[in-house]
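For reference, structure_26.cif (mmCIF, C-alpha atoms and all ligand atoms):
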data_input
loop_
_atom_site.label_atom_id
_atom_site.label_comp_id
_atom_site.auth_asym_id
_atom_site.auth_seq_id
_atom_site.Cartn_x
_atom_site.Cartn_y
_atom_site.Cartn_z
CA MET Z 1 42.75 -193.42 -9.16
CA LEU Z 2 44.67 -194.17 -5.96
CA LEU Z 3 44.89 -197.84 -6.94
CA THR Z 4 46.11 -196.75 -10.37
CA LEU Z 5 48.84 -194.63 -8.76
CA TYR Z 6 49.75 -197.47 -6.39
CA LYS Z 7 50.22 -199.90 -9.30
CA SER Z 8 52.70 -197.46 -10.85
CA ALA Z 9 54.33 -196.71 -7.46
CA LEU Z 10 57.81 -197.83 -8.56
CA ARG Z 11 57.58 -196.06 -11.93
CA PRO Z 12 58.06 -192.31 -11.43
CA LEU Z 13 57.48 -191.49 -15.11
CA GLU Z 14 54.06 -193.17 -14.95
CA ILE Z 15 53.16 -191.38 -11.70
CA LYS Z 16 54.09 -188.06 -13.30
CA ALA Z 17 52.09 -188.87 -16.43
CA LEU Z 18 49.02 -189.98 -14.45
CA LEU Z 19 49.06 -186.83 -12.32
CA LYS Z 20 49.54 -184.59 -15.35
CA LEU Z 21 46.61 -186.25 -17.09
CA LYS Z 22 44.44 -185.86 -13.97
CA ILE Z 23 45.41 -182.19 -13.62
CA ARG Z 24 44.77 -181.53 -17.32
CA GLY Z 25 41.43 -183.15 -16.58
CA ASN Z 26 40.64 -184.26 -20.12
CA GLY Z 27 41.76 -187.84 -19.79
CA TYR Z 28 41.16 -189.09 -16.29
CA ALA Z 29 38.80 -186.74 -14.53
CA PRO Z 30 35.90 -185.96 -16.83
CA HIS Z 31 32.61 -184.61 -15.44
CA THR Z 32 31.66 -186.19 -12.10
CA GLU Z 33 27.88 -185.82 -12.50
CA PRO Z 34 26.03 -188.71 -14.17
CA LEU Z 35 25.72 -188.38 -17.96
CA GLY Z 36 21.91 -188.25 -17.68
CA GLN Z 37 22.12 -185.05 -15.67
CA LEU Z 38 24.72 -183.60 -18.05
CA ALA Z 39 22.47 -184.28 -21.04
CA SER Z 40 20.16 -181.41 -20.09
CA GLN Z 41 23.01 -179.02 -19.24
CA LEU Z 42 25.39 -179.40 -22.19
CA ASP Z 43 25.13 -178.42 -25.85
CA ASP Z 44 25.28 -181.21 -28.43
CA LYS Z 45 29.06 -181.33 -29.01
CA ALA Z 46 29.89 -180.90 -25.30
CA PHE Z 47 27.51 -183.77 -24.52
CA CYS Z 48 29.31 -185.96 -27.09
CA TYR Z 49 32.71 -185.33 -25.50
CA ALA Z 50 31.24 -185.85 -22.01
CA ALA Z 51 29.73 -189.15 -23.20
CA LEU Z 52 33.13 -190.16 -24.69
CA GLY Z 53 34.80 -189.40 -21.36
CA LYS Z 54 32.25 -191.54 -19.54
CA VAL Z 55 32.31 -194.60 -21.82
CA SER Z 56 36.11 -194.74 -22.24
CA ARG Z 57 38.25 -192.43 -20.14
CA SER Z 58 41.56 -193.58 -21.60
CA PHE Z 59 40.28 -193.42 -25.17
CA SER Z 60 39.00 -189.89 -24.59
CA ALA Z 61 42.55 -189.05 -23.45
CA VAL Z 62 44.08 -190.79 -26.48
CA ILE Z 63 41.79 -188.85 -28.82
CA GLN Z 64 43.30 -185.58 -27.52
CA GLN Z 65 46.48 -186.50 -29.40
CA LEU Z 66 44.72 -185.98 -32.74
CA PRO Z 67 44.78 -182.79 -34.85
CA ASN Z 68 41.72 -180.65 -34.00
CA GLU Z 69 40.03 -181.14 -37.38
CA LEU Z 70 40.07 -184.93 -36.80
CA LYS Z 71 38.98 -184.95 -33.15
CA ASP Z 72 35.26 -184.36 -33.76
CA ALA Z 73 35.14 -186.91 -36.60
CA VAL Z 74 36.78 -189.64 -34.49
CA CYS Z 75 34.76 -188.75 -31.38
CA ILE Z 76 31.49 -189.13 -33.32
CA PHE Z 77 32.75 -192.25 -35.13
CA TYR Z 78 33.55 -193.79 -31.73
CA LEU Z 79 30.11 -192.88 -30.29
CA VAL Z 80 28.21 -194.26 -33.32
CA LEU Z 81 30.20 -197.52 -33.00
CA ARG Z 82 29.65 -197.57 -29.24
CA ALA Z 83 25.86 -197.18 -29.77
CA LEU Z 84 25.86 -200.04 -32.27
CA ASP Z 85 28.04 -202.17 -29.93
CA THR Z 86 25.60 -201.48 -27.06
CA ILE Z 87 22.75 -202.92 -29.13
CA GLU Z 88 24.85 -205.98 -30.10
CA ASP Z 89 25.92 -206.50 -26.47
CA ASP Z 90 22.35 -206.33 -25.06
CA MET Z 91 21.50 -209.99 -24.37
CA THR Z 92 17.97 -209.14 -23.18
CA LEU Z 93 16.91 -207.94 -26.66
CA GLN Z 94 14.91 -210.55 -28.56
CA GLN Z 95 16.23 -211.52 -32.00
CA ASP Z 96 13.32 -210.10 -34.03
CA ILE Z 97 14.03 -206.67 -32.50
CA LYS Z 98 17.83 -206.87 -32.41
CA GLN Z 99 18.48 -208.05 -35.97
CA PRO Z 100 16.58 -205.25 -37.80
CA LEU Z 101 17.98 -202.69 -35.33
CA LEU Z 102 21.55 -203.76 -36.17
CA LEU Z 103 20.84 -203.97 -39.90
CA ASN Z 104 19.16 -200.53 -40.06
CA PHE Z 105 21.25 -198.67 -37.50
CA TYR Z 106 23.19 -196.87 -40.24
CA LYS Z 107 19.84 -195.38 -41.41
CA HIS Z 108 18.84 -194.44 -37.84
CA SER Z 109 22.22 -192.73 -37.40
CA GLN Z 110 21.08 -190.28 -40.12
CA ASP Z 111 17.67 -189.67 -38.57
CA GLU Z 112 17.42 -186.75 -36.10
CA ALA Z 113 14.32 -188.24 -34.52
CA PHE Z 114 16.06 -191.53 -33.64
CA SER Z 115 16.32 -192.22 -29.90
CA ILE Z 116 15.94 -195.50 -28.05
CA SER Z 117 15.41 -196.19 -24.34
CA GLY Z 118 16.07 -199.21 -22.17
CA ILE Z 119 19.00 -200.63 -24.15
CA GLY Z 120 22.45 -200.96 -22.59
CA ASP Z 121 23.99 -202.69 -19.58
CA ASN Z 122 25.03 -199.46 -17.89
CA ALA Z 123 23.49 -196.03 -17.36
CA ASP Z 124 25.97 -194.14 -19.58
CA TYR Z 125 25.30 -196.39 -22.59
CA MET Z 126 21.54 -196.06 -22.04
CA VAL Z 127 21.78 -192.26 -21.81
CA LEU Z 128 23.86 -192.18 -24.99
CA LEU Z 129 21.16 -194.06 -26.93
CA GLU Z 130 18.34 -191.99 -25.41
CA ASN Z 131 20.13 -188.77 -26.36
CA TYR Z 132 21.13 -190.00 -29.78
CA PRO Z 133 19.70 -186.83 -31.48
CA LYS Z 134 22.60 -184.91 -29.85
CA VAL Z 135 25.04 -187.31 -31.50
CA TYR Z 136 23.15 -186.99 -34.78
CA ARG Z 137 23.23 -183.17 -34.76
CA THR Z 138 26.98 -183.14 -34.05
CA PHE Z 139 27.45 -185.79 -36.77
CA SER Z 140 25.48 -183.63 -39.24
CA ASN Z 141 28.04 -180.80 -38.90
CA LEU Z 142 30.88 -183.01 -40.17
CA ASN Z 143 32.01 -182.80 -43.82
CA ASN Z 144 30.39 -185.06 -46.42
CA LYS Z 145 33.37 -187.41 -46.89
CA THR Z 146 33.54 -188.01 -43.12
CA LYS Z 147 29.77 -188.58 -42.88
CA SER Z 148 29.72 -191.05 -45.79
CA THR Z 149 32.68 -192.98 -44.30
CA ILE Z 150 30.98 -193.26 -40.89
CA VAL Z 151 27.64 -194.31 -42.45
CA ASP Z 152 29.27 -196.88 -44.79
CA ILE Z 153 31.34 -198.48 -41.99
CA THR Z 154 28.28 -198.53 -39.69
CA ARG Z 155 26.20 -200.19 -42.43
CA GLN Z 156 28.80 -202.95 -42.98
CA MET Z 157 29.33 -203.43 -39.24
CA GLY Z 158 25.60 -203.65 -38.44
CA SER Z 159 25.12 -206.17 -41.23
CA GLY Z 160 28.08 -208.25 -39.96
CA MET Z 161 26.87 -208.15 -36.36
CA SER Z 162 23.41 -209.23 -37.53
CA GLU Z 163 24.97 -212.14 -39.48
CA PHE Z 164 26.74 -213.31 -36.30
CA THR Z 165 23.72 -213.09 -33.97
CA ASP Z 166 22.81 -216.63 -35.00
CA LYS Z 167 26.17 -217.84 -36.33
CA LYS Z 168 28.80 -219.48 -34.11
CA ILE Z 169 32.54 -218.75 -34.39
CA ILE Z 170 33.89 -222.19 -35.37
CA SER Z 171 36.89 -221.74 -37.68
CA VAL Z 172 39.73 -219.22 -37.48
CA ASP Z 173 38.29 -217.75 -40.69
CA ASP Z 174 34.96 -217.21 -38.85
CA PHE Z 175 37.00 -215.54 -36.08
CA ASP Z 176 38.81 -213.27 -38.57
CA LEU Z 177 35.47 -212.41 -40.23
CA TYR Z 178 33.73 -211.56 -36.94
CA CYS Z 179 36.70 -209.41 -35.85
CA HIS Z 180 36.71 -207.77 -39.30
CA TYR Z 181 33.09 -206.72 -38.75
CA VAL Z 182 33.49 -205.36 -35.19
CA ALA Z 183 37.06 -204.01 -35.32
CA GLY Z 184 38.76 -204.38 -38.72
CA LEU Z 185 36.15 -202.04 -40.20
CA VAL Z 186 37.06 -199.49 -37.48
CA GLY Z 187 40.69 -199.54 -38.66
CA ILE Z 188 39.53 -199.23 -42.29
CA GLY Z 189 37.16 -196.35 -41.42
CA LEU Z 190 39.78 -194.49 -39.38
CA THR Z 191 42.32 -194.70 -42.21
CA ARG Z 192 39.71 -193.17 -44.55
CA LEU Z 193 39.11 -190.36 -42.04
CA PHE Z 194 42.89 -189.77 -41.77
CA LEU Z 195 43.25 -189.68 -45.60
CA ALA Z 196 40.24 -187.31 -45.93
CA PHE Z 197 41.99 -185.00 -43.45
CA ASN Z 198 45.38 -185.26 -45.22
CA SER Z 199 45.92 -187.51 -48.25
CA LEU Z 200 49.60 -187.93 -47.34
CA SER Z 201 49.04 -188.83 -43.66
CA VAL Z 202 49.10 -192.59 -44.32
CA THR Z 203 51.08 -193.91 -47.32
CA LEU Z 204 49.90 -197.53 -47.53
CA VAL Z 205 49.70 -199.73 -50.63
CA ASP Z 206 47.28 -202.44 -49.51
CA THR Z 207 45.35 -199.91 -47.41
CA ASP Z 208 42.20 -201.79 -46.37
CA ALA Z 209 43.91 -205.14 -45.65
CA VAL Z 210 46.63 -203.55 -43.48
CA SER Z 211 44.12 -201.25 -41.74
CA ASN Z 212 41.92 -204.30 -41.09
CA SER Z 213 44.82 -206.01 -39.27
CA MET Z 214 45.12 -203.01 -36.93
CA GLY Z 215 41.59 -203.67 -35.68
CA LEU Z 216 42.01 -207.46 -35.58
CA PHE Z 217 45.15 -207.16 -33.44
CA LEU Z 218 43.35 -205.00 -30.83
CA GLN Z 219 40.08 -206.96 -30.90
CA LYS Z 220 41.71 -210.39 -30.59
CA THR Z 221 43.83 -209.13 -27.70
CA ASN Z 222 40.64 -207.90 -25.96
CA ILE Z 223 38.84 -211.21 -26.64
CA ILE Z 224 41.71 -213.23 -25.10
CA ARG Z 225 41.99 -210.83 -22.12
CA ASP Z 226 38.21 -210.93 -21.52
CA TYR Z 227 37.92 -214.77 -21.60
CA TYR Z 228 36.74 -215.05 -18.00
CA GLU Z 229 34.40 -212.02 -18.07
CA ASP Z 230 32.78 -213.21 -21.33
CA LEU Z 231 32.45 -216.77 -19.98
CA ASP Z 232 30.56 -215.30 -17.02
CA ALA Z 233 28.25 -213.44 -19.39
CA ASP Z 234 27.83 -216.61 -21.43
CA ARG Z 235 29.43 -214.86 -24.43
CA THR Z 236 32.18 -216.75 -26.23
CA PHE Z 237 34.28 -215.52 -29.14
CA TRP Z 238 37.15 -218.03 -29.01
CA PRO Z 239 36.97 -220.16 -32.24
CA LYS Z 240 35.82 -223.73 -31.52
CA ASN Z 241 38.41 -225.23 -33.89
CA ILE Z 242 41.15 -223.87 -31.59
CA TRP Z 243 39.80 -224.67 -28.11
CA SER Z 244 38.33 -228.07 -29.08
CA GLU Z 245 41.92 -229.28 -29.74
CA TYR Z 246 42.48 -228.93 -25.98
CA VAL Z 247 39.14 -229.26 -24.08
CA ASP Z 248 35.58 -230.55 -24.65
CA LYS Z 249 33.93 -227.33 -23.44
CA LEU Z 250 35.39 -223.79 -23.40
CA GLU Z 251 34.60 -223.40 -19.70
CA ASP Z 252 36.87 -226.41 -18.92
CA LEU Z 253 39.86 -224.08 -19.33
CA ALA Z 254 38.74 -222.19 -16.21
CA LYS Z 255 38.49 -225.47 -14.27
CA ASN Z 256 42.19 -226.32 -14.66
CA PRO Z 257 43.81 -222.94 -15.33
CA LYS Z 258 47.31 -224.15 -14.42
CA SER Z 259 47.23 -227.31 -16.55
CA GLU Z 260 49.57 -227.50 -19.54
CA THR Z 261 46.58 -228.17 -21.80
CA SER Z 262 44.69 -225.02 -20.72
CA LEU Z 263 47.81 -222.87 -21.04
CA ALA Z 264 48.59 -224.38 -24.45
CA CYS Z 265 45.12 -223.31 -25.64
CA LEU Z 266 45.65 -219.77 -24.31
CA ASN Z 267 49.10 -219.63 -25.99
CA HIS Z 268 47.58 -220.90 -29.26
CA MET Z 269 45.07 -218.01 -29.21
CA ILE Z 270 47.86 -215.52 -28.54
CA THR Z 271 50.00 -216.96 -31.36
CA ASP Z 272 47.04 -216.51 -33.73
CA THR Z 273 46.94 -212.82 -32.66
CA LEU Z 274 50.70 -212.36 -33.24
CA ARG Z 275 49.98 -213.16 -36.91
CA HIS Z 276 48.63 -209.59 -37.39
CA ILE Z 277 51.69 -207.77 -36.03
CA PRO Z 278 53.71 -207.57 -39.29
CA ASP Z 279 50.74 -205.68 -40.86
CA CYS Z 280 50.51 -203.42 -37.77
CA ILE Z 281 54.24 -202.63 -38.04
CA GLU Z 282 53.73 -201.92 -41.76
CA TYR Z 283 50.82 -199.57 -40.91
CA MET Z 284 52.76 -197.69 -38.22
CA ARG Z 285 55.77 -197.30 -40.52
CA ASN Z 286 53.51 -195.57 -43.06
CA VAL Z 287 51.81 -193.06 -40.72
CA LYS Z 288 53.50 -189.77 -41.65
CA ASP Z 289 51.45 -187.38 -39.49
CA ASN Z 290 52.97 -187.23 -35.98
CA LYS Z 291 49.66 -186.65 -34.14
CA ILE Z 292 47.90 -189.47 -36.01
CA PHE Z 293 50.92 -191.67 -35.23
CA ARG Z 294 50.55 -191.02 -31.50
CA PHE Z 295 46.79 -191.69 -31.62
CA THR Z 296 47.27 -195.05 -33.37
CA ALA Z 297 50.44 -196.08 -31.47
CA VAL Z 298 48.97 -195.98 -27.93
CA PRO Z 299 46.40 -198.82 -28.32
CA GLN Z 300 48.92 -200.90 -30.33
CA ILE Z 301 51.58 -200.65 -27.59
CA MET Z 302 48.94 -201.33 -24.91
CA ALA Z 303 47.90 -204.45 -26.86
CA ILE Z 304 51.41 -205.95 -27.27
CA ALA Z 305 52.13 -205.22 -23.58
CA THR Z 306 48.84 -206.94 -22.70
CA LEU Z 307 49.65 -210.03 -24.83
CA ALA Z 308 53.05 -210.38 -23.10
CA LYS Z 309 51.24 -210.32 -19.74
CA LEU Z 310 48.61 -212.83 -20.87
CA TYR Z 311 51.03 -215.38 -22.41
CA ASN Z 312 51.15 -218.65 -20.42
CA ASN Z 313 49.42 -216.82 -17.52
CA PRO Z 314 46.81 -218.98 -15.69
CA LYS Z 315 45.22 -215.84 -14.17
CA VAL Z 316 43.70 -215.04 -17.57
CA LEU Z 317 41.47 -218.11 -17.19
CA THR Z 318 40.06 -217.06 -13.81
CA ASP Z 319 40.26 -213.24 -13.86
CA VAL Z 320 40.72 -210.21 -16.14
CA VAL Z 321 44.43 -209.41 -16.48
CA LYS Z 322 45.10 -205.76 -17.46
CA VAL Z 323 48.22 -203.66 -17.98
CA ARG Z 324 48.69 -200.58 -15.80
CA LYS Z 325 46.77 -197.42 -16.76
CA GLY Z 326 50.06 -195.70 -15.99
CA LEU Z 327 51.51 -197.15 -19.19
CA ALA Z 328 48.76 -195.55 -21.33
CA ALA Z 329 49.25 -192.25 -19.49
CA LYS Z 330 53.02 -192.35 -20.05
CA LEU Z 331 52.58 -193.18 -23.74
CA MET Z 332 50.21 -190.25 -24.17
CA LEU Z 333 52.43 -187.72 -22.41
CA TYR Z 334 55.64 -188.47 -24.28
CA ASN Z 335 56.11 -187.90 -27.97
CA ILE Z 336 56.53 -191.59 -28.83
CA THR Z 337 58.41 -192.18 -32.06
CA LEU Z 338 58.43 -195.09 -34.51
CA ASN Z 339 61.61 -196.37 -32.83
CA ASP Z 340 59.88 -196.24 -29.43
CA LEU Z 341 57.13 -198.38 -30.93
CA PHE Z 342 59.69 -200.84 -32.31
CA ARG Z 343 61.36 -200.94 -28.86
CA TYR Z 344 58.05 -201.71 -27.08
CA PHE Z 345 57.16 -204.43 -29.59
CA TRP Z 346 60.66 -205.92 -29.40
CA LYS Z 347 60.72 -205.89 -25.59
CA ASN Z 348 57.32 -207.59 -25.33
CA ILE Z 349 57.85 -210.18 -28.06
CA ARG Z 350 61.07 -211.14 -26.22
CA ILE Z 351 59.02 -211.63 -23.02
CA ILE Z 352 56.72 -214.03 -24.91
CA GLU Z 353 59.73 -215.78 -26.50
CA LYS Z 354 61.28 -216.41 -23.07
CA LYS Z 355 57.97 -217.88 -21.78
CA ASN Z 356 57.65 -220.16 -24.82
CA ASN Z 357 59.43 -223.23 -23.34
CA PRO Z 358 60.60 -225.97 -25.77
CA GLY Z 359 58.54 -228.67 -24.03
CA MET Z 360 55.20 -226.84 -24.41
CA PRO Z 361 52.55 -227.92 -26.92
CA TYR Z 362 52.40 -225.55 -29.90
CA HIS Z 363 55.92 -224.34 -28.98
CA HIS Z 364 57.22 -224.70 -32.55
CA GLU Z 365 54.34 -222.78 -34.22
CA THR Z 366 54.72 -219.99 -31.66
CA LYS Z 367 58.49 -219.82 -32.26
CA LEU Z 368 57.92 -219.47 -36.02
CA MET Z 369 55.42 -216.65 -35.41
CA ILE Z 370 57.75 -214.87 -32.99
CA ASP Z 371 60.60 -215.04 -35.54
CA GLN Z 372 58.31 -213.51 -38.20
CA VAL Z 373 57.38 -210.70 -35.80
CA LYS Z 374 61.04 -210.06 -34.95
CA ASN Z 375 61.95 -209.94 -38.65
CA SER Z 376 59.12 -207.49 -39.31
CA ILE Z 377 60.46 -205.18 -36.58
CA ASN Z 378 64.18 -205.68 -37.33
CA HIS Z 379 63.83 -205.33 -41.08
CA LYS Z 380 61.74 -202.14 -40.75
CA ARG Z 381 64.05 -200.72 -38.09
CA TYR Z 382 67.07 -200.62 -40.42
CA GLN Z 383 65.04 -199.75 -43.51
CA GLN Z 384 63.41 -196.72 -41.80
C1 LIG H 1 38.85 -198.48 -31.09
N1 LIG H 1 39.35 -199.56 -30.33
O1 LIG H 1 41.81 -197.20 -30.73
CL1 LIG H 1 40.66 -199.99 -34.03
C2 LIG H 1 37.49 -198.25 -31.14
N2 LIG H 1 41.82 -197.32 -25.86
O2 LIG H 1 40.36 -200.21 -28.43
CL2 LIG H 1 37.33 -195.02 -33.45
C3 LIG H 1 37.01 -197.17 -31.88
O3 LIG H 1 41.80 -197.46 -28.10
C4 LIG H 1 37.91 -196.35 -32.54
O4 LIG H 1 40.75 -198.67 -22.15
C5 LIG H 1 39.30 -196.60 -32.51
O5 LIG H 1 42.04 -200.46 -22.37
C6 LIG H 1 39.76 -197.69 -31.80
C7 LIG H 1 41.25 -198.01 -31.73
C8 LIG H 1 41.99 -197.83 -33.03
C9 LIG H 1 41.84 -198.71 -34.11
C10 LIG H 1 42.59 -198.57 -35.28
C11 LIG H 1 43.48 -197.52 -35.38
C12 LIG H 1 43.64 -196.66 -34.31
C13 LIG H 1 42.91 -196.81 -33.14
C14 LIG H 1 39.72 -199.38 -29.02
C15 LIG H 1 39.24 -198.09 -28.35
C16 LIG H 1 39.79 -198.01 -26.99
C17 LIG H 1 41.23 -197.58 -27.05
C18 LIG H 1 41.23 -197.76 -24.63
C19 LIG H 1 42.15 -198.85 -24.10
C20 LIG H 1 43.55 -198.29 -23.87
C21 LIG H 1 44.13 -197.72 -25.18
C22 LIG H 1 43.15 -196.71 -25.79
C23 LIG H 1 41.59 -199.37 -22.76
C24 LIG H 1 39.66 -200.84 -30.94
C25 LIG H 1 38.47 -201.82 -30.91
C26 LIG H 1 37.60 -201.56 -32.11
C27 LIG H 1 39.07 -203.21 -31.00
C28 LIG H 1 37.66 -201.70 -29.62
#
For this file, produce the structure as structure tokens.
Ligand code: D99
Amino acid sequence: MLLTLYKSALRPLEIKALLKLKIRGNGYAPHTEPLGQLASQLDDKAFCYAALGKVSRSFSAVIQQLPNELKDAVCIFYLVLRALDTIEDDMTLQQDIKQPLLLNFYKHSQDEAFSISGIGDNADYMVLLENYPKVYRTFSNLNNKTKSTIVDITRQMGSGMSEFTDKKIISVDDFDLYCHYVAGLVGIGLTRLFLAFNSLSVTLVDTDAVSNSMGLFLQKTNIIRDYYEDLDADRTFWPKNIWSEYVDKLEDLAKNPKSETSLACLNHMITDTLRHIPDCIEYMRNVKDNKIFRFTAVPQIMAIATLAKLYNNPKVLTDVVKVRKGLAAKLMLYNITLNDLFRYFWKNIRIIEKKNNPGMPYHHETKLMIDQVKNSINHKRYQQ
């Protein structure tokens, strides 16, 4: 926390926001005891919120922005997805165990007796899977529409993850399909939860396609940001058809992080992610419920700020580059409006534009994408 405060030292609004969040306790200072110990002390729903606070502190703060009736649904949705993700991420699991577990997880998530030990690369994830009956019982108290949405998304996601356990990400279409399974479906599922809560909360025409882009934008940003960490864990999600234009092996990027070729590959990946922004702007323009807007806006603004920091930045290829937690805290504390969102996107796309030097490989394609993003913001800004 001290390091977090230090990083925001010159930004009083962020300091204030971080301290307020810490004092309010929900976002930054959840229970201090280990989740395993809490499991025996807390009732089912309290355990679920404690688990949420442990696996993603900033997300558990973001979720507080939602209307009460939606909080439980999204908390459980997140935990079910996190459980499934923990199984997918476990590299020690042999294929003939992992595949059926992924494929059938949606059935297990409806079975009170389901609990599984020894899976997960950290204690909190392991405890979550061991205490899955607590998640199930909290899930079972949700309304039928919410339950069927969560089960259907989990079924599709588990099937997609299973498909990709022995399939490599070669083309950009493969990349879009993988990200659809692990993140696009989250956007689609959330929109269904929002509409079940209030049918006028999101007024989209091409609902699933635009909701899918919301997930792809966040997931692709994470995959670019986590290049070095994933390389270390021998996990690669960057599509071969992109990186093989620049290097023979993906790990070669880390060998010459400052070279024009390595940076061109990084910028190419970021340009591919910018492609989803017009849909994200379209989504945000159609969120009519203020609390749902704030919930969806925070990760979007964090993502565009992250991309601006990653663009043409050699550090991405040797370390994990993150934006300040203070930004998330500030976004959560202030009632951000659609125009604030436009301002953040505009500011950060301008940062990328300034770093996109004419002499760089892929400069032209990036410029075209940036112009499309600017039009999508500008056009919406006046039309609003
Ligand atoms: C996610 N994703 O928030 Cl996809 C996962 N943080 O990044 Cl239910 C599950 O948002 C759910 O710690 C919702 O750096 C989300 C997205 C989301 C989506 C679509 C519409 C609205 C919201 C997350 C969760 C973590 C998150 C944590 C982040 C700072 C900002 C808040 C951090 C997206 C996914 C699926 C790509 C991981």
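Taking only C-alpha atoms into account, Ala39 (chain Z) lies nearest to Z:Asp124 out of the set Z:Asp124, Z:Glu88, Z:Asp340, Z:Glu112.
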Could you pull out every residue with an atom within 12 Å of (17.4, -206.4, -36.7), file coordinates, counting only C-alpha atoms, and send them as a PyMOL selection string?
chain Z and resi 84+87-88+93-106+158-166
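Candidate residues Z:Asn313, Z:Thr32, Z:Gln219, Z:Ser171 were compared for distance to Gly53 (chain Z), and the nearest is Z:Thr32, using all atoms listed in the file.
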Give me the chain Z side of the contact with ligand LIG 1 (chain H), cut-off 9 Å, one line per residue showing its nearest atom pair and distance in Å at one decimal, counting all atoms listed in the file, sorted by chain and residue number, as a tab-separated table.
residue	atom	partner	partner_atom	distance
Z:Ser56	CA	H:LIG1	O4	6.1
Z:Arg57	CA	H:LIG1	O4	7.0
Z:Ser58	CA	H:LIG1	C18	5.2
Z:Phe59	CA	H:LIG1	N2	4.2
Z:Ser60	CA	H:LIG1	N2	8.0
Z:Ala61	CA	H:LIG1	C22	8.0
Z:Val62	CA	H:LIG1	C22	6.0
Z:Ile63	CA	H:LIG1	C22	8.5
Z:Ala73	CA	H:LIG1	CL2	9.0
Z:Val74	CA	H:LIG1	CL2	5.5
Z:Cys75	CA	H:LIG1	CL2	7.1
Z:Ile76	CA	H:LIG1	CL2	8.3
Z:Phe77	CA	H:LIG1	CL2	5.6
Z:Tyr78	CA	H:LIG1	CL2	4.3
Z:Leu79	CA	H:LIG1	CL2	8.2
Z:Leu81	CA	H:LIG1	C3	6.9
Z:Arg82	CA	H:LIG1	C3	7.8
Z:Cys179	CA	H:LIG1	C27	8.2
Z:Val182	CA	H:LIG1	C26	6.4
Z:Ala183	CA	H:LIG1	C26	4.1
Z:Gly184	CA	H:LIG1	CL1	6.7
Z:Leu185	CA	H:LIG1	CL1	7.9
Z:Val186	CA	H:LIG1	CL1	5.0
Z:Gly187	CA	H:LIG1	C10	4.0
Z:Ile188	CA	H:LIG1	C10	7.7
Z:Gly189	CA	H:LIG1	CL2	8.1
Z:Leu190	CA	H:LIG1	C11	6.2
Z:Thr191	CA	H:LIG1	C11	7.5
Z:Ser211	CA	H:LIG1	C10	7.2
Z:Asn212	CA	H:LIG1	C10	8.2
Z:Ser213	CA	H:LIG1	C10	8.7
Z:Met214	CA	H:LIG1	C10	5.4
Z:Gly215	CA	H:LIG1	CL1	4.1
Z:Leu216	CA	H:LIG1	C27	6.9
Z:Phe217	CA	H:LIG1	C27	7.6
Z:Leu218	CA	H:LIG1	C27	4.6
Z:Gln219	CA	H:LIG1	C27	3.9
Z:Lys220	CA	H:LIG1	C27	7.7
Z:Thr221	CA	H:LIG1	C27	8.3
Z:Asn222	CA	H:LIG1	C27	7.1
Z:Ile292	CA	H:LIG1	C12	8.5
Z:Phe293	CA	H:LIG1	C12	8.9
Z:Phe295	CA	H:LIG1	C12	6.5
Z:Thr296	CA	H:LIG1	C12	4.1
Z:Ala297	CA	H:LIG1	C12	7.4
Z:Val298	CA	H:LIG1	C21	5.8
Z:Pro299	CA	H:LIG1	C21	4.0
Z:Gln300	CA	H:LIG1	C21	7.7
Z:Ile301	CA	H:LIG1	C21	8.4
Z:Met302	CA	H:LIG1	C21	6.0
Z:Ala303	CA	H:LIG1	C21	7.9
Z:Lys322	CA	H:LIG1	O5	7.8
Z:Val323	CA	H:LIG1	O5	8.2
Z:Lys325	CA	H:LIG1	C20	7.9
Z:Ala328	CA	H:LIG1	C21	6.4
12 Å contact set for Arg235 (chain Z), all atoms listed in the file, chain neighbours under 4 positions out, as a PDB file with C-alpha atoms, in the coordinates of the input:
ATOM      1  CA  GLU Z  88      24.850-205.980 -30.100  1.00  0.00           C
ATOM      2  CA  ASP Z  89      25.920-206.500 -26.470  1.00  0.00           C
ATOM      3  CA  ASP Z  90      22.350-206.330 -25.060  1.00  0.00           C
ATOM      4  CA  MET Z  91      21.500-209.990 -24.370  1.00  0.00           C
ATOM      5  CA  THR Z 165      23.720-213.090 -33.970  1.00  0.00           C
ATOM      6  CA  LYS Z 168      28.800-219.480 -34.110  1.00  0.00           C
ATOM      7  CA  ILE Z 169      32.540-218.750 -34.390  1.00  0.00           C
ATOM      8  CA  ILE Z 223      38.840-211.210 -26.640  1.00  0.00           C
ATOM      9  CA  ASP Z 226      38.210-210.930 -21.520  1.00  0.00           C
ATOM     10  CA  TYR Z 227      37.920-214.770 -21.600  1.00  0.00           C
ATOM     11  CA  TYR Z 228      36.740-215.050 -18.000  1.00  0.00           C
ATOM     12  CA  GLU Z 229      34.400-212.020 -18.070  1.00  0.00           C
ATOM     13  CA  ASP Z 230      32.780-213.210 -21.330  1.00  0.00           C
ATOM     14  CA  LEU Z 231      32.450-216.770 -19.980  1.00  0.00           C
ATOM     15  CA  LEU Z 250      35.390-223.790 -23.400  1.00  0.00           C
ATOM     16  CA  GLU Z 251      34.600-223.400 -19.700  1.00  0.00           C
TER      17      GLU Z 251
END
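For Met360 (chain Z), the non-local neighbours within 12 Å, defined as residues at least 5 positions apart in the same chain or in other chains and counting all atoms listed in the file, are Ser259, Glu260, Thr261, Ser262, Leu263, Ala264, Cys265, Leu266, Asn267, His268, Asn312, Lys355, Glu365, Thr366 and Lys367 of chain Z.
Checking Z:Val127, Z:Val373, Z:Phe139, Z:Gly118 one by one against His276 (chain Z), counting all atoms listed in the file, you find the shortest gap at Z:Val373.
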